[in-house]
Amino acid sequence: MEWKIEYSVGDEELDRDHMTIFNAVDRVKKAQKNGFADDFISILLNQLLEYVDGHFTKEEDYMADISYPDLPAHRDRHVEMKAELVRLRNQFVHDSQSNLDELVPFLSDWWETHILVADMAYKKYGEDKQ
Ligand SMILES: [Fe+2]
Ligand SMILES: [Fe+2]
């Protein structure tokens with residue numbers, strides 16, 4: 001997986017966040033594939049969670065700045081995603097293998113359906129404001 005210019009949402013800082021998330025998701029996938037220790041994967045998940053939390057706040061502030069009309073629905077999805085990520089992270093401690101089987105598809109789907117679809121939807125509002 002590689003970040004491409006087509007993935008840009010039109011804001012440099014948010015693009016940088018997305019690249020970081022993209023790489024963090026990739027690291028979790030690789031760690032799982034290569035059978036890395038659970039402790040190591042836990043650290044990656046905590047880093048991802050912390051980073052995502054900051055990103056969601058920044059993204060919501062940006063959407064408010066550009067008067068994005070779908071901000072409330074987008075914010076709800078962030079809340080759901082964060083709750084799901086916290087749940088999966090906590091579950092990982094109890095049953096790491098079955099949890100990873102659920103976690104890795106969740107992270108991939110998140111990239112494909114949230115960042116590349118839902119986040120892309122605010123792009124044109126940002127462009128119109130410039
Ligand atoms: Fe985002
Ligand atoms: Fe988002």
# chains A, B, ... in the order shown; residues from 1 in each chain; ligands from 1
>>> residues_near_ligand(ligand="ligand 2", cutoff="7 Å", atoms="only C-alpha atoms and all ligand atoms", output="NGL selection string")
:A and (56 or 59 or 74 or 78 or 114-115 or 118-119)
>>> write_last_selection(atoms="all heavy atoms", output="compact mmCIF listing (two decimals), in the first residue's frame")
# COMPACT_ATOMS: atom_id res chain seq x y z
N PHE A 56 -9.06 13.32 14.17
CA PHE A 56 -10.51 13.54 14.08
C PHE A 56 -10.85 14.97 14.53
O PHE A 56 -11.65 15.66 13.90
CB PHE A 56 -11.28 12.52 14.92
CG PHE A 56 -11.36 11.14 14.29
CD1 PHE A 56 -11.85 10.06 15.03
CD2 PHE A 56 -10.98 10.91 12.98
CE1 PHE A 56 -11.95 8.79 14.47
CE2 PHE A 56 -11.07 9.64 12.40
CZ PHE A 56 -11.56 8.57 13.15
N GLU A 59 -9.74 17.41 11.88
CA GLU A 59 -10.59 17.31 10.68
C GLU A 59 -11.95 17.96 10.93
O GLU A 59 -12.48 18.66 10.06
CB GLU A 59 -10.76 15.83 10.31
CG GLU A 59 -11.18 15.62 8.88
CD GLU A 59 -11.12 14.17 8.48
OE1 GLU A 59 -11.88 13.36 9.05
OE2 GLU A 59 -10.30 13.83 7.62
N HIS A 74 -20.62 13.32 9.75
CA HIS A 74 -19.22 12.90 9.69
C HIS A 74 -18.65 12.75 11.11
O HIS A 74 -17.94 11.79 11.40
CB HIS A 74 -18.40 13.93 8.89
CG HIS A 74 -17.09 13.41 8.39
ND1 HIS A 74 -16.77 13.37 7.06
CD2 HIS A 74 -16.01 12.90 9.04
CE1 HIS A 74 -15.55 12.86 6.92
NE2 HIS A 74 -15.07 12.57 8.13
N HIS A 78 -16.98 9.48 13.10
CA HIS A 78 -15.70 9.49 13.83
C HIS A 78 -15.89 8.89 15.23
O HIS A 78 -15.06 8.11 15.69
CB HIS A 78 -15.17 10.92 13.96
CG HIS A 78 -14.52 11.45 12.71
ND1 HIS A 78 -14.15 12.76 12.58
CD2 HIS A 78 -14.17 10.84 11.55
CE1 HIS A 78 -13.59 12.94 11.38
NE2 HIS A 78 -13.61 11.78 10.74
N HIS A 114 -13.77 5.10 4.66
CA HIS A 114 -13.86 6.41 5.32
C HIS A 114 -12.96 7.46 4.67
O HIS A 114 -13.43 8.48 4.20
CB HIS A 114 -13.62 6.34 6.83
CG HIS A 114 -13.92 7.66 7.50
ND1 HIS A 114 -15.20 8.07 7.76
CD2 HIS A 114 -13.12 8.69 7.84
CE1 HIS A 114 -15.17 9.29 8.26
NE2 HIS A 114 -13.90 9.69 8.33
N ILE A 115 -11.68 7.19 4.64
CA ILE A 115 -10.76 8.22 4.14
C ILE A 115 -10.96 8.48 2.65
O ILE A 115 -11.02 9.62 2.21
CB ILE A 115 -9.29 7.86 4.50
CG1 ILE A 115 -9.16 7.84 6.03
CG2 ILE A 115 -8.32 8.88 3.88
CD1 ILE A 115 -7.81 7.49 6.58
N ALA A 118 -15.67 9.14 2.54
CA ALA A 118 -16.28 10.16 3.41
C ALA A 118 -15.40 11.41 3.54
O ALA A 118 -15.89 12.53 3.45
CB ALA A 118 -16.58 9.57 4.78
N ASP A 119 -14.08 11.22 3.72
CA ASP A 119 -13.21 12.39 3.84
C ASP A 119 -13.11 13.13 2.51
O ASP A 119 -13.05 14.36 2.48
CB ASP A 119 -11.80 11.98 4.32
CG ASP A 119 -11.76 11.63 5.81
OD1 ASP A 119 -12.79 11.81 6.49
OD2 ASP A 119 -10.70 11.20 6.27
>>> residues_around(residues="Trp111 of chain A", least_positions_apart="2", cutoff="12 Å", atoms="only C-alpha atoms", output="MDAnalysis selection string")
chainID A and resid 1:3 7 18:26 81 104:109 113:120
>>> write_last_selection(atoms="C-alpha atoms", output="PDB file, in the first residue's frame")
ATOM      1  CA  MET A   1       0.000   0.000   0.000  1.00  0.00           C
ATOM      2  CA  GLU A   2       1.284   3.395  -0.941  1.00  0.00           C
ATOM      3  CA  TRP A   3      -0.159   6.864  -0.490  1.00  0.00           C
ATOM      4  CA  TYR A   7      -5.910  10.498  -1.996  1.00  0.00           C
ATOM      5  CA  HIS A  18      -3.813  10.498   6.497  1.00  0.00           C
ATOM      6  CA  MET A  19      -0.330   9.410   5.388  1.00  0.00           C
ATOM      7  CA  THR A  20       0.609   8.747   8.999  1.00  0.00           C
ATOM      8  CA  ILE A  21      -2.596   6.761   9.585  1.00  0.00           C
ATOM      9  CA  PHE A  22      -2.033   4.904   6.339  1.00  0.00           C
ATOM     10  CA  ASN A  23       1.477   3.908   7.461  1.00  0.00           C
ATOM     11  CA  ALA A  24       0.289   3.013  10.959  1.00  0.00           C
ATOM     12  CA  VAL A  25      -2.404   0.705   9.548  1.00  0.00           C
ATOM     13  CA  ASP A  26       0.187  -0.858   7.282  1.00  0.00           C
ATOM     14  CA  MET A  81     -14.933   4.549  14.544  1.00  0.00           C
ATOM     15  CA  VAL A 104      -7.173  -5.993  10.232  1.00  0.00           C
ATOM     16  CA  PRO A 105     -10.300  -6.005   7.991  1.00  0.00           C
ATOM     17  CA  PHE A 106     -11.715  -3.128  10.079  1.00  0.00           C
ATOM     18  CA  LEU A 107      -8.576  -1.046   9.514  1.00  0.00           C
ATOM     19  CA  SER A 108      -8.506  -1.778   5.772  1.00  0.00           C
ATOM     20  CA  ASP A 109     -12.172  -0.996   5.385  1.00  0.00           C
ATOM     21  CA  THR A 113     -14.535   3.570   2.915  1.00  0.00           C
ATOM     22  CA  HIS A 114     -13.864   6.413   5.321  1.00  0.00           C
ATOM     23  CA  ILE A 115     -10.755   8.220   4.142  1.00  0.00           C
ATOM     24  CA  LEU A 116     -11.218   7.612   0.434  1.00  0.00           C
ATOM     25  CA  VAL A 117     -14.973   8.242   0.387  1.00  0.00           C
ATOM     26  CA  ALA A 118     -16.282  10.161   3.413  1.00  0.00           C
ATOM     27  CA  ASP A 119     -13.206  12.386   3.840  1.00  0.00           C
ATOM     28  CA  MET A 120     -13.064  13.006   0.084  1.00  0.00           C
TER      29      MET A 120
END
>>> atom_distance(atom1="atom CA of Trp110 of chain A", atom2="atom CA of Asp128 of chain A")
26.4 Å
>>> closest_residue(among="A:Phe36, A:Tyr62, A:Tyr68, A:Tyr51", to="Asp17 of chain A", atoms="only C-alpha atoms")
A:Tyr51
>>> residues_around(residues="Thr57 of chain A", least_positions_apart="2", cutoff="12 Å", atoms="only C-alpha atoms", output="list in words")
Leu14, Asp17, Glu50, Tyr51, Val52, Asp53, Gly54, His55, Glu59, Glu60, Asp61, Tyr62, Met63, Ala64, Leu71, His74, Arg75, His78, Val79 and Lys82 of chain A
>>> closest_residue(among="A:Arg89, A:Lys33, A:Lys129, A:Lys123", to="ligand 1", atoms="only C-alpha atoms and all ligand atoms")
A:Lys123
>>> closest_residue(among="A:Gln32, A:Asn90, A:Gly10, A:Gln47", to="ligand 1", atoms="only C-alpha atoms and all ligand atoms")
A:Gly10
>>> closest_residue(among="A:Leu48, A:Ile41, A:Ile66, A:Ile5", to="Gly126 of chain A", atoms="only C-alpha atoms")
A:Ile66
>>> closest_residue(among="A:Arg27, A:Asp39, A:Lys4, A:Arg16", to="Ser96 of chain A", atoms="only C-alpha atoms")
A:Asp39
>>> closest_residue(among="A:Glu13, A:Ser67, A:Val28, A:Glu6", to="ligand 1", atoms="only C-alpha atoms and all ligand atoms")
A:Glu13
>>> atom_distance(atom1="atom CA of Asn99 of chain A", atom2="atom CA of Leu45 of chain A")
12.2 Å
>>> atom_distance(atom1="atom CA of Val93 of chain A", atom2="atom CA of Arg77 of chain A")
24.9 Å
>>> select_by_dssp(residues="segment 38-128 of chain A", states="alpha helix (DSSP H)", output="VMD selection string")
chain A and resid 38 to 65 71 to 94 96 to 109 123 to 128
